[in-house]
$ cat structure_18.txt   # compact mmCIF, C-alpha atoms
# COMPACT_ATOMS: atom_id res chain seq x y z
CA MET A 545 83.53 57.53 121.79
CA THR A 546 82.93 57.12 118.08
CA LYS A 547 85.65 57.62 115.53
CA SER A 548 85.18 60.63 113.24
CA TRP A 549 84.32 59.80 109.63
CA ALA A 550 87.04 62.29 108.63
CA LEU A 551 89.75 59.83 109.71
CA ASP A 552 88.76 57.59 106.78
CA TYR A 553 89.30 60.35 104.18
CA ASP A 554 92.39 61.82 102.53
CA THR A 555 93.12 65.51 103.19
CA SER A 556 95.40 66.12 100.21
CA ASN A 557 92.59 67.87 98.28
CA CYS A 558 91.42 70.00 101.22
CA ASN A 559 89.98 73.35 100.11
CA ILE A 560 90.91 74.97 103.43
CA ALA A 561 94.56 74.14 102.76
CA ALA A 562 94.20 75.41 99.19
CA ALA A 563 92.71 78.70 100.38
CA LEU A 564 95.41 79.11 103.02
CA SER A 565 98.10 78.64 100.39
CA THR A 566 96.71 81.80 98.80
CA VAL A 567 95.72 83.98 101.76
CA GLY A 568 96.94 82.23 104.91
CA GLU A 569 99.70 84.58 105.99
CA LYS A 570 99.72 87.65 108.26
CA TRP A 571 100.89 90.22 105.72
CA THR A 572 98.35 89.03 103.17
CA PHE A 573 95.49 89.55 105.61
CA LEU A 574 96.80 92.99 106.54
CA VAL A 575 96.94 93.95 102.85
CA LEU A 576 93.36 92.69 102.47
CA ARG A 577 92.30 94.69 105.54
CA GLU A 578 93.70 97.81 103.92
CA ALA A 579 92.11 97.06 100.56
CA PHE A 580 88.70 96.63 102.23
CA ASN A 581 89.29 99.96 104.01
CA GLY A 582 89.84 101.65 100.64
CA VAL A 583 93.64 101.94 100.84
CA ARG A 584 94.94 101.35 97.32
CA ARG A 585 98.46 102.70 96.99
CA PHE A 586 101.67 100.91 97.86
CA ASP A 587 103.13 103.65 100.08
CA ASP A 588 99.89 103.98 102.04
CA MET A 589 99.67 100.21 102.52
CA GLN A 590 103.30 100.04 103.59
CA ARG A 591 102.81 102.84 106.14
CA ARG A 592 99.60 101.34 107.56
CA THR A 593 100.78 97.70 107.72
CA ASN A 594 104.43 98.36 108.64
CA ALA A 595 105.32 95.55 106.25
CA PRO A 596 108.85 95.60 104.90
CA ARG A 597 108.76 96.97 101.32
CA GLN A 598 109.97 93.71 99.76
CA VAL A 599 107.44 91.66 101.73
CA LEU A 600 104.60 94.00 100.72
CA SER A 601 105.73 93.97 97.10
CA ASN A 602 105.75 90.16 97.11
CA ARG A 603 102.31 89.92 98.76
CA LEU A 604 100.77 92.38 96.31
CA ALA A 605 102.27 90.53 93.34
CA HIS A 606 100.95 87.23 94.74
CA LEU A 607 97.44 88.65 95.26
CA VAL A 608 97.43 90.11 91.75
CA ALA A 609 98.66 86.82 90.24
CA ASP A 610 95.92 84.94 92.12
CA GLY A 611 93.25 87.35 90.86
CA ILE A 612 92.36 88.72 94.30
CA LEU A 613 93.65 92.21 93.57
CA ARG A 614 93.96 93.99 90.25
CA LYS A 615 96.41 96.69 89.32
CA VAL A 616 94.99 99.95 88.02
CA PRO A 617 97.43 102.50 86.57
CA TYR A 618 97.44 106.10 87.74
CA GLN A 619 99.80 109.04 87.37
CA GLU A 620 99.97 112.16 89.46
CA GLU A 621 101.11 115.30 87.68
CA GLY A 622 104.87 115.42 87.34
CA GLN A 623 105.30 111.87 88.62
CA ARG A 624 106.03 108.56 86.93
CA PRO A 625 103.15 106.20 86.16
CA ARG A 626 102.30 103.89 89.04
CA SER A 627 99.68 101.32 89.95
CA GLU A 628 97.13 101.16 92.69
CA TYR A 629 95.58 97.92 93.93
CA ARG A 630 91.86 97.28 93.93
CA LEU A 631 89.88 94.24 95.00
CA SER A 632 88.60 92.02 92.21
CA GLU A 633 85.27 90.22 92.60
CA LYS A 634 87.25 87.21 93.85
CA GLY A 635 88.84 89.50 96.45
CA VAL A 636 85.53 91.05 97.51
CA GLU A 637 84.24 87.54 98.22
CA LEU A 638 86.86 87.27 101.00
CA PHE A 639 84.95 89.91 102.99
CA PRO A 640 83.12 87.39 105.21
CA VAL A 641 86.51 85.90 106.17
CA ILE A 642 87.79 89.34 107.17
CA VAL A 643 84.59 90.05 109.13
CA ALA A 644 84.86 86.68 110.92
CA LEU A 645 88.46 87.44 111.94
CA LEU A 646 87.48 90.94 113.05
CA GLU A 647 84.59 89.65 115.17
CA TRP A 648 86.75 86.94 116.72
CA GLY A 649 89.47 89.50 117.44
CA ASP A 650 86.93 91.89 118.98
CA LYS A 651 85.78 89.12 121.29
CA TYR A 652 89.06 87.40 122.22
CA ALA A 653 91.97 89.70 121.34
CA ALA A 654 90.59 93.21 121.96
CA ARG A 655 92.77 95.77 123.64
CA PRO A 656 91.44 98.11 126.34
CA GLY A 657 89.21 100.81 124.95
CA GLY A 658 87.30 98.53 122.61
CA PRO A 659 87.50 97.82 118.88
CA SER A 660 89.46 100.14 116.61
CA VAL A 661 86.89 99.77 113.84
CA GLU A 662 83.19 99.02 113.73
CA LEU A 663 81.34 97.92 110.62
CA THR A 664 78.03 99.58 109.82
CA HIS A 665 75.49 99.15 107.04
CA ARG A 666 75.96 101.99 104.55
CA ASP A 667 72.19 102.43 104.02
CA CYS A 668 70.87 102.44 107.58
CA GLY A 669 73.91 102.72 109.86
CA ALA A 670 73.14 99.57 111.84
CA PRO A 671 76.08 97.44 113.01
CA VAL A 672 77.15 94.67 110.63
CA HIS A 673 77.83 91.18 111.92
CA LEU A 674 78.41 87.80 110.37
CA GLU A 675 75.76 85.10 110.64
CA LEU A 676 76.05 81.45 109.75
CA GLY A 677 72.99 79.90 108.19
CA CYS A 678 71.81 76.92 106.22
CA SER A 679 70.17 77.03 102.79
CA ALA A 680 66.76 76.41 104.43
CA GLY A 681 67.06 79.81 106.13
CA HIS A 682 67.96 78.74 109.68
CA THR A 683 70.48 80.87 111.59
CA LEU A 684 73.04 78.77 113.43
CA ASP A 685 74.34 79.89 116.81
CA SER A 686 77.34 77.60 117.04
CA ALA A 687 79.61 75.21 115.18
CA ARG A 688 78.01 72.55 117.37
CA GLU A 689 74.93 72.82 115.14
CA VAL A 690 76.91 71.78 112.04
CA THR A 691 77.60 68.22 110.91
CA PRO A 692 80.45 67.77 108.42
CA VAL A 693 79.80 65.03 105.85
CA PRO A 694 81.94 63.80 102.94
CA GLY A 695 81.53 65.99 99.86
CA PRO A 696 81.65 64.97 96.20
CA GLY A 697 85.44 65.44 96.11
CA ALA A 698 86.13 63.34 99.22
CA ARG A 699 88.49 60.41 98.69
CA ARG A 700 88.83 57.52 101.10
CA VAL A 701 92.24 56.79 102.53
CA ALA A 702 93.74 53.74 100.82
$ encode --input "structure_18.txt" --output "structure tokens"
Amino acid sequence: MTKSWALDYDTSNCNIAAALSTVGEKWTFLVLREAFNGVRRFDDMQRRTNAPRQVLSNRLAHLVADGILRKVPYQEEGQRPRSEYRLSEKGVELFPVIVALLEWGDKYAARPGGPSVELTHRDCGAPVHLELGCSAGHTLDSAREVTPVPGPGARRVA
């Protein structure tokens, strides 16, 4: 058995770890799920996620500080000014991650009765699914078709 090239490289600058430091927590993903479903207001998010208020407040502040959500002020008549939370462009670019988790959950963690949500293309109504492909246009069926190689930021272990 050959030794993986990865064993010769430092992981301290890993972009997966960096991304997880921003979004790698249950409540964060549930907030993102709600944002992608069009839920924008704190009370609605709290009711739908069942997150403790302080936890939700912290997650929303973190996502705003990281530029994933943006606060937009609103005021209902007779009420104090409040903010709703909308996805920024940086947040919208997390959609493939959410779709990948949804598809994995549908396949391996589904409850009886089937999925609770299905994604469809707004224009034609066809089901939406995630595909992995290379820049030459090939669709990949499995991770077994991918070869990781050191990138420009890779550093050898001393």
$ atom_distance --input "structure_18.txt" --atom1 "atom CA of Thr593 of chain A" --atom2 "atom CA of Ser660 of chain A"
14.6 Å
$ closest_atom_pairs --input "structure_18.txt" --of "segment 635-682 of chain A" --to "segment 560-572 of chain A" --cutoff "12 Å" --atoms "only C-alpha atoms" --output "Markdown table"
| residue | atom | partner | partner_atom | distance |
| --- | --- | --- | --- | --- |
| A:Gly635 | CA | A:Val567 | CA | 10.3 |
| A:Leu638 | CA | A:Val567 | CA | 9.5 |
| A:Val641 | CA | A:Val567 | CA | 10.4 |
| A:Ile642 | CA | A:Val567 | CA | 11.0 |
| A:Leu645 | CA | A:Lys570 | CA | 11.8 |
$ atom_distance --input "structure_18.txt" --atom1 "atom CA of Val643 of chain A" --atom2 "atom CA of His606 of chain A"
22.0 Å
$ residues_around --input "structure_18.txt" --residues "segment 547-555 of chain A" --least-positions-apart "5" --cutoff "6 Å" --atoms "only C-alpha atoms" --output "count of residues only"
3
$ residues_around --input "structure_18.txt" --residues "Leu646 of chain A" --least-positions-apart "4" --cutoff "12 Å" --atoms "only C-alpha atoms" --output "PDB file with C-alpha atoms, keeping the file's coordinate frame"
ATOM      1  CA  PHE A 573      95.490  89.550 105.610  1.00  0.00           C
ATOM      2  CA  LEU A 574      96.800  92.990 106.540  1.00  0.00           C
ATOM      3  CA  ARG A 577      92.300  94.690 105.540  1.00  0.00           C
ATOM      4  CA  PHE A 639      84.950  89.910 102.990  1.00  0.00           C
ATOM      5  CA  PRO A 640      83.120  87.390 105.210  1.00  0.00           C
ATOM      6  CA  VAL A 641      86.510  85.900 106.170  1.00  0.00           C
ATOM      7  CA  ILE A 642      87.790  89.340 107.170  1.00  0.00           C
ATOM      8  CA  ASP A 650      86.930  91.890 118.980  1.00  0.00           C
ATOM      9  CA  LYS A 651      85.780  89.120 121.290  1.00  0.00           C
ATOM     10  CA  TYR A 652      89.060  87.400 122.220  1.00  0.00           C
ATOM     11  CA  ALA A 653      91.970  89.700 121.340  1.00  0.00           C
ATOM     12  CA  ALA A 654      90.590  93.210 121.960  1.00  0.00           C
ATOM     13  CA  PRO A 659      87.500  97.820 118.880  1.00  0.00           C
ATOM     14  CA  SER A 660      89.460 100.140 116.610  1.00  0.00           C
ATOM     15  CA  VAL A 661      86.890  99.770 113.840  1.00  0.00           C
ATOM     16  CA  GLU A 662      83.190  99.020 113.730  1.00  0.00           C
ATOM     17  CA  LEU A 663      81.340  97.920 110.620  1.00  0.00           C
ATOM     18  CA  VAL A 672      77.150  94.670 110.630  1.00  0.00           C
ATOM     19  CA  HIS A 673      77.830  91.180 111.920  1.00  0.00           C
ATOM     20  CA  LEU A 674      78.410  87.800 110.370  1.00  0.00           C
TER      21      LEU A 674
END
$ residues_around --input "structure_18.txt" --residues "Asp685 of chain A" --least-positions-apart "4" --cutoff "12 Å" --atoms "only C-alpha atoms" --output "PyMOL selection string"
chain A and resi 674-678+689-690
$ atom_distance --input "structure_18.txt" --atom1 "atom CA of Gly649 of chain A" --atom2 "atom CA of Ala579 of chain A"
18.7 Å
$ residues_around --input "structure_18.txt" --residues "Asn594 of chain A" --least-positions-apart "4" --cutoff "12 Å" --atoms "only C-alpha atoms" --output "list in words"
Lys570, Trp571, Leu574, Val575, Glu578, Phe586, Asp587, Asp588, Met589, Gln590, Gln598, Val599 and Leu600 of chain A
$ closest_residue --input "structure_18.txt" --among "A:Val693, A:Ala644, A:Val636, A:Ala702" --to "Asn581 of chain A" --atoms "only C-alpha atoms"
A:Val636
$ axis_aligned_box --input "structure_18.txt" --around "segment 689-697 of chain A" --padding-each-side "4 Å" --output "JSON"
{"center_x": 80.2, "center_y": 68.3, "center_z": 105.6, "size_x": 18.5, "size_y": 17.0, "size_z": 27.0}
$ residues_around --input "structure_18.txt" --residues "segment 621-627 of chain A" --least-positions-apart "3" --cutoff "12 Å" --atoms "all atoms listed in the file" --output "PyMOL selection string"
chain A and resi 584-587+601+604-605+608+613-618+630
